[in-house]
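Chemist: So here's structure27.txt (compact mmCIF, C-alpha atoms and all ligand atoms).
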# COMPACT_ATOMS: atom_id res chain seq x y z
CA MET A 1 9.17 19.77 12.12
CA GLU A 2 9.20 20.76 8.45
CA ASN A 3 6.54 22.99 6.85
CA PHE A 4 3.75 21.00 5.27
CA THR A 5 0.33 21.08 3.66
CA PHE A 6 -2.18 18.34 4.36
CA TYR A 7 -5.29 17.79 2.27
CA SER A 8 -7.24 14.61 2.84
CA PRO A 9 -10.78 15.19 1.62
CA THR A 10 -12.00 11.59 1.36
CA PHE A 11 -15.42 10.97 2.94
CA PHE A 12 -15.20 7.71 4.90
CA VAL A 13 -18.17 5.46 5.54
CA PHE A 14 -17.18 2.77 8.05
CA GLY A 15 -18.97 -0.29 9.38
CA LYS A 16 -21.24 -3.26 8.78
CA ASP A 17 -23.37 -3.38 5.62
CA THR A 18 -22.16 0.06 4.47
CA GLU A 19 -21.56 -1.19 0.91
CA THR A 20 -25.32 -1.00 0.35
CA GLN A 21 -24.96 2.80 0.47
CA ALA A 22 -22.56 2.94 -2.50
CA GLY A 23 -25.25 4.26 -4.85
CA GLU A 24 -26.19 7.11 -2.49
CA TYR A 25 -22.59 8.25 -2.26
CA VAL A 26 -21.96 8.01 -6.00
CA LYS A 27 -24.97 10.29 -6.44
CA GLN A 28 -23.83 12.67 -3.70
CA PHE A 29 -20.42 13.01 -5.37
CA GLY A 30 -21.88 13.72 -8.80
CA GLY A 31 -21.64 10.38 -10.62
CA THR A 32 -24.23 9.80 -13.34
CA LYS A 33 -22.54 7.08 -15.44
CA VAL A 34 -20.29 4.76 -13.52
CA LEU A 35 -17.56 2.25 -14.29
CA ILE A 36 -17.60 -0.46 -11.62
CA HIS A 37 -14.06 -1.85 -11.64
CA TYR A 38 -13.27 -5.08 -9.81
CA GLY A 39 -10.75 -7.91 -9.52
CA GLY A 40 -10.77 -11.66 -10.06
CA GLN A 41 -13.44 -13.67 -8.34
CA SER A 42 -13.76 -12.65 -4.69
CA ALA A 43 -16.25 -9.76 -5.06
CA LYS A 44 -18.45 -11.83 -7.38
CA LYS A 45 -18.33 -14.97 -5.26
CA SER A 46 -19.20 -13.20 -2.02
CA GLY A 47 -22.20 -11.44 -3.56
CA LEU A 48 -20.61 -8.03 -2.89
CA LEU A 49 -20.73 -7.00 -6.53
CA ASP A 50 -24.48 -7.75 -6.68
CA ARG A 51 -25.10 -5.65 -3.57
CA VAL A 52 -23.15 -2.73 -5.00
CA GLU A 53 -24.92 -2.98 -8.36
CA ASP A 54 -28.30 -3.11 -6.59
CA SER A 55 -27.48 0.06 -4.67
CA LEU A 56 -26.68 1.88 -7.92
CA LYS A 57 -29.88 0.61 -9.54
CA LYS A 58 -31.84 1.82 -6.51
CA GLU A 59 -30.54 5.34 -7.18
CA GLY A 60 -31.24 5.06 -10.91
CA ILE A 61 -27.54 5.37 -11.78
CA GLU A 62 -26.32 3.82 -15.03
CA TYR A 63 -23.17 1.74 -14.98
CA VAL A 64 -20.85 -0.49 -16.95
CA THR A 65 -18.52 -3.06 -15.41
CA LEU A 66 -14.92 -4.10 -15.99
CA GLY A 67 -13.46 -6.95 -13.95
CA GLY A 68 -10.21 -8.86 -14.14
CA VAL A 69 -7.81 -6.64 -12.19
CA LYS A 70 -4.93 -8.85 -11.09
CA PRO A 71 -2.91 -8.28 -7.93
CA ASN A 72 0.01 -6.02 -8.92
CA PRO A 73 -2.32 -4.43 -11.50
CA ARG A 74 -1.21 -4.27 -15.12
CA SER A 75 -1.06 -1.44 -17.62
CA GLY A 76 -2.97 -3.47 -20.26
CA LEU A 77 -6.26 -3.42 -18.36
CA VAL A 78 -5.83 0.29 -17.62
CA TYR A 79 -5.72 1.02 -21.38
CA GLU A 80 -8.82 -1.12 -21.81
CA GLY A 81 -10.60 0.75 -19.01
CA ILE A 82 -9.71 4.14 -20.47
CA GLU A 83 -11.12 3.14 -23.85
CA LEU A 84 -14.30 1.82 -22.26
CA CYS A 85 -14.83 4.98 -20.18
CA ARG A 86 -14.39 7.23 -23.22
CA LYS A 87 -16.74 5.11 -25.34
CA GLU A 88 -19.43 4.94 -22.65
CA GLY A 89 -19.17 8.52 -21.41
CA VAL A 90 -18.32 7.41 -17.87
CA ASP A 91 -18.01 10.24 -15.34
CA PHE A 92 -17.31 8.31 -12.11
CA ILE A 93 -15.17 5.24 -11.30
CA LEU A 94 -16.24 2.95 -8.49
CA ALA A 95 -13.51 0.55 -7.34
CA VAL A 96 -14.78 -2.61 -5.62
CA GLY A 97 -11.77 -4.47 -4.26
CA GLY A 98 -8.32 -4.06 -2.78
CA GLY A 99 -5.36 -1.82 -3.48
CA SER A 100 -4.87 -3.31 -6.93
CA VAL A 101 -8.42 -2.57 -8.04
CA ILE A 102 -8.31 0.92 -6.50
CA ASP A 103 -4.96 1.72 -8.14
CA SER A 104 -6.16 0.49 -11.52
CA SER A 105 -9.29 2.64 -11.07
CA LYS A 106 -7.18 5.70 -10.25
CA ALA A 107 -5.04 5.13 -13.36
CA ILE A 108 -8.16 4.85 -15.54
CA ALA A 109 -9.61 7.97 -13.88
CA ALA A 110 -6.52 10.02 -14.72
CA GLY A 111 -5.96 8.48 -18.16
CA THR A 112 -9.53 8.91 -19.47
CA ILE A 113 -9.33 12.71 -19.47
CA TYR A 114 -5.66 12.96 -20.53
CA ASP A 115 -4.57 13.41 -24.15
CA GLY A 116 -1.27 11.55 -23.85
CA ASP A 117 -0.25 8.09 -22.61
CA PHE A 118 -1.40 7.49 -19.01
CA TRP A 119 2.05 6.02 -18.29
CA ASP A 120 3.44 9.60 -18.31
CA PHE A 121 2.00 9.91 -14.79
CA TYR A 122 3.94 6.81 -13.72
CA SER A 123 7.14 8.33 -15.13
CA GLY A 124 6.93 11.34 -12.86
CA LYS A 125 4.24 13.69 -14.23
CA PRO A 126 1.97 14.78 -11.35
CA ILE A 127 -1.72 13.95 -11.72
CA GLU A 128 -3.65 17.21 -11.67
CA LYS A 129 -6.97 16.12 -13.16
CA ALA A 130 -8.92 12.88 -13.01
CA LEU A 131 -12.45 11.56 -13.04
CA PRO A 132 -13.75 11.17 -9.47
CA VAL A 133 -13.10 7.80 -7.84
CA GLY A 134 -15.04 6.09 -5.02
CA THR A 135 -14.06 2.83 -3.35
CA VAL A 136 -15.60 -0.16 -1.61
CA LEU A 137 -12.58 -1.69 0.12
CA THR A 138 -12.25 -5.46 0.56
CA ILE A 139 -8.77 -5.81 2.12
CA ALA A 140 -6.90 -3.77 4.72
CA ALA A 141 -3.44 -3.29 3.29
CA ALA A 142 -2.32 -0.75 0.70
CA GLY A 143 -4.15 2.27 2.14
CA SER A 144 -5.11 3.35 -1.38
CA GLU A 145 -8.61 4.10 -0.07
CA GLY A 146 -7.25 7.29 1.49
CA SER A 147 -4.05 7.94 -0.42
CA PRO A 148 -3.18 10.14 -3.42
CA ASP A 149 -1.12 7.29 -4.91
CA SER A 150 -1.48 4.52 -7.44
CA VAL A 151 1.00 1.77 -8.32
CA ILE A 152 0.86 -0.01 -11.71
CA THR A 153 3.01 -2.69 -13.33
CA LYS A 154 4.10 -1.96 -16.88
CA GLU A 155 3.79 -5.14 -18.86
CA GLU A 156 6.59 -4.25 -21.26
CA GLY A 157 9.52 -4.95 -18.96
CA MET A 158 7.40 -6.00 -15.95
CA PHE A 159 8.34 -3.17 -13.62
CA LYS A 160 6.23 -1.27 -11.12
CA ARG A 161 6.01 2.47 -10.71
CA GLY A 162 3.87 4.84 -8.69
CA ALA A 163 1.95 7.99 -9.60
CA SER A 164 0.58 10.62 -7.29
CA GLY A 165 -1.76 13.57 -7.08
CA ASN A 166 -4.58 14.86 -4.90
CA ALA A 167 -6.91 14.52 -7.90
CA ILE A 168 -6.89 10.74 -7.45
CA ARG A 169 -7.65 10.73 -3.73
CA PRO A 170 -10.97 8.88 -3.50
CA ARG A 171 -14.01 11.15 -3.04
CA PHE A 172 -15.49 8.55 -0.74
CA SER A 173 -14.37 5.20 0.61
CA ILE A 174 -16.67 2.59 2.08
CA LEU A 175 -14.91 0.44 4.68
CA ASN A 176 -16.82 -2.57 5.96
CA PRO A 177 -14.41 -4.72 8.03
CA ALA A 178 -16.74 -7.74 7.68
CA LEU A 179 -15.91 -7.87 3.95
CA THR A 180 -12.31 -8.78 4.84
CA GLU A 181 -13.39 -11.96 6.67
CA THR A 182 -13.25 -13.96 3.42
CA LEU A 183 -9.57 -13.18 2.83
CA PRO A 184 -7.17 -16.13 2.67
CA PRO A 185 -4.84 -15.99 5.74
CA HIS A 186 -1.83 -15.23 3.52
CA GLN A 187 -3.53 -12.08 2.17
CA THR A 188 -4.60 -10.98 5.66
CA ALA A 189 -1.00 -11.34 6.85
CA ALA A 190 0.40 -9.60 3.77
CA GLY A 191 -1.99 -6.73 4.40
CA ILE A 192 -0.87 -6.41 8.03
CA THR A 193 2.75 -6.38 6.85
CA ASP A 194 2.06 -3.66 4.30
CA ILE A 195 0.32 -1.49 6.90
CA MET A 196 3.30 -1.87 9.24
CA ALA A 197 5.64 -1.06 6.35
CA HIS A 198 3.78 2.19 5.68
CA LEU A 199 4.37 3.08 9.33
CA TYR A 200 8.06 2.15 9.32
CA GLU A 201 8.69 4.02 6.05
CA ARG A 202 7.48 7.16 7.84
CA TYR A 203 9.20 6.38 11.12
CA LEU A 204 12.58 6.25 9.35
CA THR A 205 13.08 9.98 9.09
CA ASN A 206 15.97 12.42 9.15
CA THR A 207 13.78 15.17 10.61
CA LYS A 208 14.40 15.90 14.28
CA GLU A 209 11.80 16.36 17.02
CA VAL A 210 8.67 15.01 15.39
CA GLU A 211 7.19 13.60 18.57
CA VAL A 212 3.51 13.75 17.55
CA THR A 213 3.98 11.69 14.41
CA ASP A 214 6.54 9.38 16.09
CA ARG A 215 4.04 8.61 18.83
CA LEU A 216 1.15 8.14 16.40
CA ILE A 217 3.23 5.66 14.42
CA GLU A 218 4.24 3.77 17.56
CA ALA A 219 0.58 3.57 18.66
CA LEU A 220 -0.44 2.13 15.30
CA LEU A 221 2.44 -0.36 15.30
CA LEU A 222 1.41 -1.48 18.79
CA THR A 223 -2.17 -1.89 17.54
CA MET A 224 -1.02 -4.08 14.67
CA LYS A 225 1.15 -6.11 17.05
CA HIS A 226 -1.94 -6.72 19.19
CA GLU A 227 -4.55 -7.28 16.48
CA GLY A 228 -2.45 -9.18 13.90
CA PRO A 229 -2.23 -12.47 15.82
CA ARG A 230 -5.89 -12.18 16.95
CA VAL A 231 -7.18 -12.00 13.39
CA ILE A 232 -4.92 -14.79 12.17
CA ALA A 233 -6.21 -16.98 15.04
CA ASP A 234 -9.84 -16.04 14.34
CA PRO A 235 -10.58 -14.65 10.86
CA HIS A 236 -14.11 -13.74 11.99
CA ASN A 237 -12.99 -11.44 14.79
CA TYR A 238 -14.86 -8.35 13.58
CA GLU A 239 -13.37 -5.98 16.17
CA ALA A 240 -9.81 -6.96 15.31
CA ARG A 241 -10.60 -6.58 11.60
CA ALA A 242 -12.15 -3.17 12.28
CA ASN A 243 -9.07 -1.90 14.12
CA ILE A 244 -6.78 -3.22 11.40
CA MET A 245 -8.89 -1.66 8.65
CA TRP A 246 -8.87 1.80 10.17
CA ALA A 247 -5.17 1.50 11.04
CA GLY A 248 -4.52 0.73 7.37
CA MET A 249 -6.16 3.97 6.34
CA VAL A 250 -4.49 6.13 9.00
CA ALA A 251 -1.11 4.53 8.27
CA HIS A 252 -1.14 5.72 4.68
CA ASN A 253 -3.23 8.88 4.22
CA ASN A 254 -0.16 10.68 5.62
CA THR A 255 -1.59 11.71 8.99
CA CYS A 256 1.54 10.10 10.41
CA GLY A 257 3.91 11.40 7.76
CA VAL A 258 3.44 15.15 7.69
CA GLY A 259 6.28 17.50 8.57
CA ARG A 260 8.99 14.85 8.33
CA SER A 261 11.20 13.28 5.68
CA GLN A 262 10.22 9.70 4.88
CA ASP A 263 12.05 6.61 3.67
CA TRP A 264 10.31 4.39 1.03
CA ASN A 265 13.48 2.50 0.10
CA SER A 266 11.94 -0.79 1.29
CA HIS A 267 8.93 -0.15 -0.96
CA ASN A 268 11.10 0.64 -3.96
CA ILE A 269 13.24 -2.45 -3.42
CA GLU A 270 10.14 -4.61 -2.91
CA HIS A 271 8.21 -3.30 -5.90
CA GLU A 272 10.74 -4.96 -8.24
CA LEU A 273 10.06 -8.29 -6.48
CA SER A 274 6.27 -8.20 -6.75
CA ALA A 275 6.53 -6.96 -10.35
CA LEU A 276 8.89 -9.79 -11.40
CA TYR A 277 7.60 -12.70 -9.29
CA ASP A 278 3.98 -11.62 -8.86
CA CYS A 279 4.15 -12.22 -5.11
CA ALA A 280 1.90 -10.30 -2.71
CA HIS A 281 3.39 -6.85 -2.05
CA GLY A 282 3.19 -7.42 1.73
CA ALA A 283 4.97 -10.78 1.45
CA GLY A 284 7.76 -9.09 -0.50
CA LEU A 285 8.02 -6.42 2.18
CA ALA A 286 8.32 -9.05 4.93
CA VAL A 287 11.53 -10.27 3.31
CA THR A 288 12.76 -6.83 2.27
CA MET A 289 12.33 -4.73 5.42
CA PRO A 290 14.57 -6.63 7.85
CA ALA A 291 17.40 -6.63 5.28
CA VAL A 292 17.05 -2.91 4.54
CA PHE A 293 16.78 -2.02 8.22
CA LYS A 294 19.90 -3.98 9.15
CA TYR A 295 21.79 -2.40 6.26
CA VAL A 296 20.91 1.19 7.16
CA MET A 297 20.49 1.03 10.96
CA ASN A 298 23.84 2.64 11.79
CA HIS A 299 22.72 5.79 9.99
CA ASP A 300 20.61 6.53 13.12
CA VAL A 301 20.90 3.66 15.53
CA MET A 302 18.96 5.47 18.28
CA ARG A 303 15.86 5.65 16.07
CA PHE A 304 15.94 1.88 15.62
CA ALA A 305 16.62 1.42 19.34
CA LYS A 306 13.67 3.68 20.18
CA VAL A 307 11.14 1.64 18.16
CA ALA A 308 12.69 -1.54 19.59
CA VAL A 309 11.99 -0.36 23.15
CA ARG A 310 8.66 1.41 22.62
CA VAL A 311 7.02 -1.12 20.29
CA TRP A 312 8.86 -4.42 20.62
CA GLY A 313 9.45 -4.24 24.38
CA CYS A 314 13.25 -4.58 24.15
CA GLN A 315 15.47 -3.51 27.05
CA MET A 316 17.59 -0.44 26.19
CA ASP A 317 21.31 -1.15 26.23
CA PHE A 318 22.76 2.35 26.61
CA ASP A 319 26.34 1.14 26.15
CA HIS A 320 25.48 -0.77 22.99
CA PRO A 321 22.37 0.78 21.37
CA GLU A 322 23.11 -1.19 18.20
CA VAL A 323 22.32 -4.38 20.13
CA THR A 324 18.90 -3.01 21.08
CA ALA A 325 18.32 -1.78 17.51
CA LEU A 326 19.09 -5.21 16.10
CA GLU A 327 16.90 -6.93 18.69
CA GLY A 328 13.98 -4.74 17.57
CA ILE A 329 14.52 -5.62 13.92
CA GLU A 330 14.68 -9.34 14.80
CA ALA A 331 11.51 -9.05 16.91
CA PHE A 332 9.69 -7.44 13.98
CA ARG A 333 10.96 -10.14 11.61
CA SER A 334 9.88 -12.95 13.97
CA PHE A 335 6.47 -11.31 14.32
CA LEU A 336 5.96 -11.28 10.55
CA ILE A 337 7.09 -14.90 10.26
CA SER A 338 4.66 -15.87 13.06
CA LEU A 339 1.83 -14.44 10.93
CA GLY A 340 2.87 -16.76 8.10
CA MET A 341 4.97 -14.39 6.03
CA PRO A 342 8.01 -15.66 4.08
CA LYS A 343 11.47 -15.11 5.51
CA ASN A 344 13.77 -15.32 2.48
CA PHE A 345 14.06 -15.28 -1.30
CA GLU A 346 13.28 -18.97 -1.61
CA GLU A 347 10.04 -18.80 0.36
CA LEU A 348 9.02 -15.75 -1.66
CA GLY A 349 9.72 -17.48 -4.97
CA ALA A 350 12.58 -15.12 -5.86
CA LYS A 351 15.88 -16.20 -7.46
CA GLU A 352 19.39 -15.17 -6.46
CA GLU A 353 20.55 -15.20 -10.09
CA ASP A 354 18.03 -12.45 -10.89
CA ILE A 355 19.68 -9.95 -8.50
CA PRO A 356 21.64 -8.07 -11.23
CA LYS A 357 18.42 -7.68 -13.23
CA LEU A 358 16.47 -6.51 -10.15
CA VAL A 359 19.15 -3.93 -9.32
CA GLU A 360 19.36 -2.69 -12.92
CA VAL A 361 15.60 -2.05 -13.13
CA LEU A 362 15.46 -0.64 -9.60
CA CYS A 363 18.32 1.84 -10.00
CA ARG A 364 18.33 2.56 -13.75
CA GLY A 365 14.82 1.73 -15.00
CA ASP A 366 12.57 4.47 -16.36
CA GLY A 367 15.25 7.16 -16.23
CA ARG A 368 16.59 6.65 -12.69
CA ASP A 369 20.17 7.82 -12.10
CA GLY A 370 21.69 4.77 -10.43
CA THR A 371 20.50 5.53 -6.92
CA ILE A 372 17.33 5.42 -4.84
CA SER A 373 16.95 7.83 -1.98
CA GLY A 374 15.13 7.92 1.32
CA PHE A 375 16.39 7.60 4.91
CA VAL A 376 19.74 6.76 3.27
CA THR A 377 20.69 7.12 -0.40
CA LEU A 378 21.44 3.68 -1.82
CA ASN A 379 23.48 2.96 -4.96
CA GLU A 380 23.60 -0.18 -7.10
CA GLU A 381 26.21 -1.81 -4.88
CA ASP A 382 24.12 -1.17 -1.75
CA CYS A 383 20.99 -2.56 -3.39
CA THR A 384 22.88 -5.65 -4.58
CA LYS A 385 24.06 -6.29 -1.01
CA ILE A 386 20.55 -5.79 0.37
CA TYR A 387 19.02 -8.28 -2.10
CA GLN A 388 21.82 -10.72 -1.22
CA MET A 389 20.93 -10.39 2.48
CA MET A 390 17.44 -11.66 1.63
CA VAL A 391 18.76 -14.91 0.11
O1 LIG B 401 -8.96 -10.35 -7.34
P1 LIG B 401 -9.73 -10.93 -6.23
O2 LIG B 401 -10.45 -12.17 -6.59
O3 LIG B 401 -10.63 -9.91 -5.57
O4 LIG B 401 -8.66 -11.41 -5.12
C1 LIG B 401 -7.86 -10.53 -4.36
C2 LIG B 401 -6.38 -10.67 -4.69
O5 LIG B 401 -6.09 -11.95 -5.16
C3 LIG B 401 -7.90 -10.95 -2.92
N1 LIG B 401 -8.97 -10.32 -2.15
C4 LIG B 401 -9.16 -8.99 -1.94
N2 LIG B 401 -10.19 -8.80 -1.11
C5 LIG B 401 -10.68 -10.04 -0.80
C6 LIG B 401 -9.90 -11.00 -1.47
N3 LIG B 401 -10.12 -12.33 -1.35
C7 LIG B 401 -11.14 -12.72 -0.55
N4 LIG B 401 -11.91 -11.85 0.13
C8 LIG B 401 -11.70 -10.51 0.05
N5 LIG B 401 -12.46 -9.67 0.77
O6 LIG B 401 -6.67 -10.52 -2.36
C9 LIG B 401 -5.67 -10.52 -3.37
C10 LIG B 401 -4.85 -9.27 -3.23
O7 LIG B 401 -5.59 -8.11 -3.55
P2 LIG B 401 -4.83 -6.74 -3.84
O8 LIG B 401 -5.84 -5.73 -4.21
O9 LIG B 401 -3.71 -6.98 -4.78
O10 LIG B 401 -4.20 -6.41 -2.38
P3 LIG B 401 -3.63 -5.11 -1.76
O11 LIG B 401 -4.70 -4.26 -1.22
O12 LIG B 401 -2.56 -5.56 -0.85
O13 LIG B 401 -2.99 -4.27 -2.97
C11 LIG B 401 -1.68 -4.50 -3.40
C12 LIG B 401 -1.30 -3.51 -4.46
O14 LIG B 401 -1.29 -2.17 -3.91
C13 LIG B 401 -0.04 -1.55 -4.22
C14 LIG B 401 0.92 -2.71 -4.22
O15 LIG B 401 2.13 -2.42 -4.85
C15 LIG B 401 0.10 -3.77 -4.95
O16 LIG B 401 0.19 -3.59 -6.35
N6 LIG B 401 0.19 -0.45 -3.29
C16 LIG B 401 -0.54 0.67 -3.44
C17 LIG B 401 -0.38 1.78 -2.63
C18 LIG B 401 -1.21 3.00 -2.82
N7 LIG B 401 -1.97 3.08 -3.88
O17 LIG B 401 -1.19 3.94 -2.03
C19 LIG B 401 0.64 1.80 -1.59
C20 LIG B 401 1.16 0.47 -1.24
O18 LIG B 401 2.42 0.62 -0.62
C21 LIG B 401 1.28 -0.51 -2.36
O19 LIG B 401 2.49 -0.34 -3.07
ZN ZN B 402 2.87 -0.77 0.67
What would the structure in this file look like if it were written as structure tokens?

Modeler:
Amino acid sequence: MENFTFYSPTFFVFGKDTETQAGEYVKQFGGTKVLIHYGGQSAKKSGLLDRVEDSLKKEGIEYVTLGGVKPNPRSGLVYEGIELCRKEGVDFILAVGGGSVIDSSKAIAAGTIYDGDFWDFYSGKPIEKALPVGTVLTIAAAGSEGSPDSVITKEEGMFKRGASGNAIRPRFSILNPALTETLPPHQTAAGITDIMAHLYERYLTNTKEVEVTDRLIEALLLTMKHEGPRVIADPHNYEARANIMWAGMVAHNNTCGVGRSQDWNSHNIEHELSALYDCAHGAGLAVTMPAVFKYVMNHDVMRFAKVAVRVWGCQMDFDHPEVTALEGIEAFRSFLISLGMPKNFEELGAKEEDIPKLVEVLCRGDGRDGTISGFVTLNEEDCTKIYQMMV
């Protein structure tokens, strides 16, 4: 195991009706003038936004609102949010929504108290200071409710980049699984896929003997394998939604990633797809992961065979571990398809002729040196072949 530090100070409030406590927690964490940031229509339509606003009013906390965050959140609204926060003297950002709303909130939180362009943070500058952020989560997926990360799409060029820093870890996150019952099935399935991707990206490690985190990841993958089909069959299964929601947090606050190298090549390859085609991030991952895994599996075939046996119930073929490894990848792919996820470029809405452009932005965009690194370092030729495998 490698040396590590782990700091995860978010205060979690989990369960039914907990969104009505938002005001109390904003107060507890020092907010006096709040920006409530939200997405398109869902939080308004369900009455969630009203409940959150009422809880702030009850505590006598002033607020302004800014809606309109789109999935794969855009830089334009972040600039607007920063301006609004400065003008209104906002000292706390409350995100009401999914990963996109939370990530946009984190970008505004960092940008409001920074002299330069907030995009500097998405070009590699670590985030050391930000306004405090709280969240009311409405979809189990990105794990942004417990992560130090934010992913934004730059509108000039339509590419996606991430920024990181403990300063943007939410101070509190309110997780009411019942709020996710209104999700369209496609978004529920995309969220499940993203959670499983966060687990796989950590499982694919070059660090030896990391049994605790290996086993935690396997347990969470098994949970998703069990709960995924149950929630697709019955969207109002609260217990299944609750397990998925907490798994989504644990999968990405790095409990399962400490002390080991991680991959993240599938995420990097996918981010270009959701930036260009505006597909759900999880749907993009469903098409990306099997291709990446098949391409890199011989780098450590026993690792792929291990997850195949322990999670997907495959029989170990000791003479031909690559057969077991491949069976596990196929089982994972079939599972995602059974949830309703796309299986190729066409179903995702991606175009083969765009591959050179995708590879160029992926490997060269924003100062990259022609490669992306993780479990295996991939160059432009590798990435081209991987995108072609998805066609
Ligand atoms: O905008 P509204 O109307 O709210 O609709 C949203 C949106 O269309 C809808 N939705 C959310 N909660 C709902 C609901 N509809 C009905 N009922 C509800 N309760 O779902 C759609 C997707 O929402 P979004 O926030 O985009 O989903 P998700 O949480 O999957 O976030 C995806 C974004 O997170 C980034 C992705 O790249 C993507 O941009 N990621 C962020 C990470 C992080 N910060 O740590 C890590 C991830 O790997 C990921 O890259
Ligand atoms: Zn993800």

Chemist: Residues of region 212-266 of chain A that approach region 128-147 of chain A to 9 Å or less, counting only C-alpha atoms: could you list each one with the shortest pair of atoms and its distance in Å to one decimal, rows by chain and increasing residue number, as a Markdown table?

Modeler:
| residue | atom | partner | partner_atom | distance |
| --- | --- | --- | --- | --- |
| A:Arg241 | CA | A:Ala140 | CA | 8.3 |
| A:Ile244 | CA | A:Ala140 | CA | 6.7 |
| A:Met245 | CA | A:Ala140 | CA | 4.9 |
| A:Trp246 | CA | A:Ala140 | CA | 8.0 |
| A:Ala247 | CA | A:Ala140 | CA | 8.4 |
| A:Gly248 | CA | A:Gly143 | CA | 5.5 |
| A:Met249 | CA | A:Gly143 | CA | 5.0 |
| A:Val250 | CA | A:Gly143 | CA | 7.9 |
| A:Ala251 | CA | A:Gly143 | CA | 7.2 |
| A:His252 | CA | A:Gly143 | CA | 5.2 |
| A:Asn253 | CA | A:Ser147 | CA | 4.8 |
| A:Asn254 | CA | A:Ser147 | CA | 7.7 |

Chemist: I need the chosen residues saved as a PDB file, keeping the file's coordinate frame, with C-alpha atoms.

Modeler:
ATOM      1  CA  ARG A 241     -10.600  -6.580  11.600  1.00  0.00           C
ATOM      2  CA  ILE A 244      -6.780  -3.220  11.400  1.00  0.00           C
ATOM      3  CA  MET A 245      -8.890  -1.660   8.650  1.00  0.00           C
ATOM      4  CA  TRP A 246      -8.870   1.800  10.170  1.00  0.00           C
ATOM      5  CA  ALA A 247      -5.170   1.500  11.040  1.00  0.00           C
ATOM      6  CA  GLY A 248      -4.520   0.730   7.370  1.00  0.00           C
ATOM      7  CA  MET A 249      -6.160   3.970   6.340  1.00  0.00           C
ATOM      8  CA  VAL A 250      -4.490   6.130   9.000  1.00  0.00           C
ATOM      9  CA  ALA A 251      -1.110   4.530   8.270  1.00  0.00           C
ATOM     10  CA  HIS A 252      -1.140   5.720   4.680  1.00  0.00           C
ATOM     11  CA  ASN A 253      -3.230   8.880   4.220  1.00  0.00           C
ATOM     12  CA  ASN A 254      -0.160  10.680   5.620  1.00  0.00           C
TER      13      ASN A 254
END

Chemist: Would you compute the distance between CA of Leu336 (chain A) and CA of Phe12 (chain A)? Give it in Å to one decimal.

Modeler: 29.0 Å

Chemist: Enumerate as a ChimeraX atom specification the residues within 8 Å of ligand LIG 401 (chain B), counting all atoms listed in the file.

Modeler: /A:38-43,46,68-73,97-103,137-153,160,162,179-184,187,190-191,194,197-198,252,267,271,274,280-282

Chemist: Out of A:Asp54, A:Asp91, A:Glu239, A:Glu380, which residue has the shortest atom-to-atom distance to Gly30 (chain A) when counting only C-alpha atoms?

Modeler: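 Once distances to Gly30 (chain A) are computed over only C-alpha atoms, the minimum belongs to A:Asp91.
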
Chemist: Using only C-alpha atoms, determine which residues lie at most 12 Å from Val212 (chain A), disregarding the query and same-chain residues fewer than 2 positions distant; provide the list as a list in words.

Modeler: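 Here the qualifying residues turn out to be Met1, Tyr203, Lys208, Glu209, Val210, Asp214, Arg215, Leu216, Ile217, Glu218, Ala219, Thr255, Cys256, Gly257, Val258, Gly259 and Arg260 of chain A.
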
Chemist: Could you please give me, as a PyMOL selection string, the residues of protein, DNA or RNA lying at most 6 Å from (15.5, 1.2, -1.5) in the coordinate frame of the file, considering all atoms listed in the file?

Modeler: chain A and resi 265-266+268-269+372

Chemist: I need the chosen residues saved as a PDB file, in the frame of the given file, with C-alpha atoms.

Modeler:
ATOM      1  CA  ASN A 265      13.480   2.500   0.100  1.00  0.00           C
ATOM      2  CA  SER A 266      11.940  -0.790   1.290  1.00  0.00           C
ATOM      3  CA  ASN A 268      11.100   0.640  -3.960  1.00  0.00           C
ATOM      4  CA  ILE A 269      13.240  -2.450  -3.420  1.00  0.00           C
ATOM      5  CA  ILE A 372      17.330   5.420  -4.840  1.00  0.00           C
TER       6      ILE A 372
END

Chemist: Hey, can you check how far CA of Ala275 (chain A) sits from CA of Met158 (chain A)?

Modeler: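 Between CA of Ala275 (chain A) and CA of Met158 (chain A) the gap works out to 5.7 Å.
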
Chemist: What gap, in Å, lies between CA of Glu62 (chain A) and CA of Arg171 (chain A)?

Modeler: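 The value is 18.7 Å.
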
Chemist: Quick one: of A:Glu270, A:Val311, A:Thr288, A:Leu66, who's nearest to Met224 (chain A), counting all atoms listed in the file?

Modeler: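 Checking each candidate against Met224 (chain A), we get A:Val311 as the closest.
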
Chemist: Could you tell me which of A:Glu227, A:Asp319, A:Glu211, A:Glu201 comes closest to ligand ZN 402 (chain B) if we count only C-alpha atoms and all ligand atoms?

Modeler: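 Comparing A:Glu227, A:Asp319, A:Glu211, A:Glu201 against ligand ZN 402 (chain B), the winner is A:Glu201.
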
Chemist: Just the residues within 12 Å of region 338-343 of chain A, please, counting all atoms listed in the file, with nothing from its chain fewer than 3 positions along; format it as a PyMOL selection string.

Modeler: chain A and resi 184-194+224-233+279-291+330-335+346-350+389-391

Chemist: As a VMD selection string, please: the residues near Tyr114 (chain A) (cut-off 12 Å, all atoms listed in the file, same-chain neighbours under 2 positions excluded).

Modeler: chain A and resid 79 82 to 83 86 107 to 112 116 to 121 125 127 to 131

Chemist: Excluding same-chain residues fewer than 6 positions from region 35-37 of chain A, what lies within 8 Å of it counting only C-alpha atoms, as a list of chain:residue names?

Modeler: A:Tyr63, A:Val64, A:Thr65, A:Leu66, A:Gly67, A:Val69, A:Cys85, A:Val90, A:Phe92, A:Ile93, A:Leu94, A:Ala95, A:Val96, A:Val101, A:Ser105
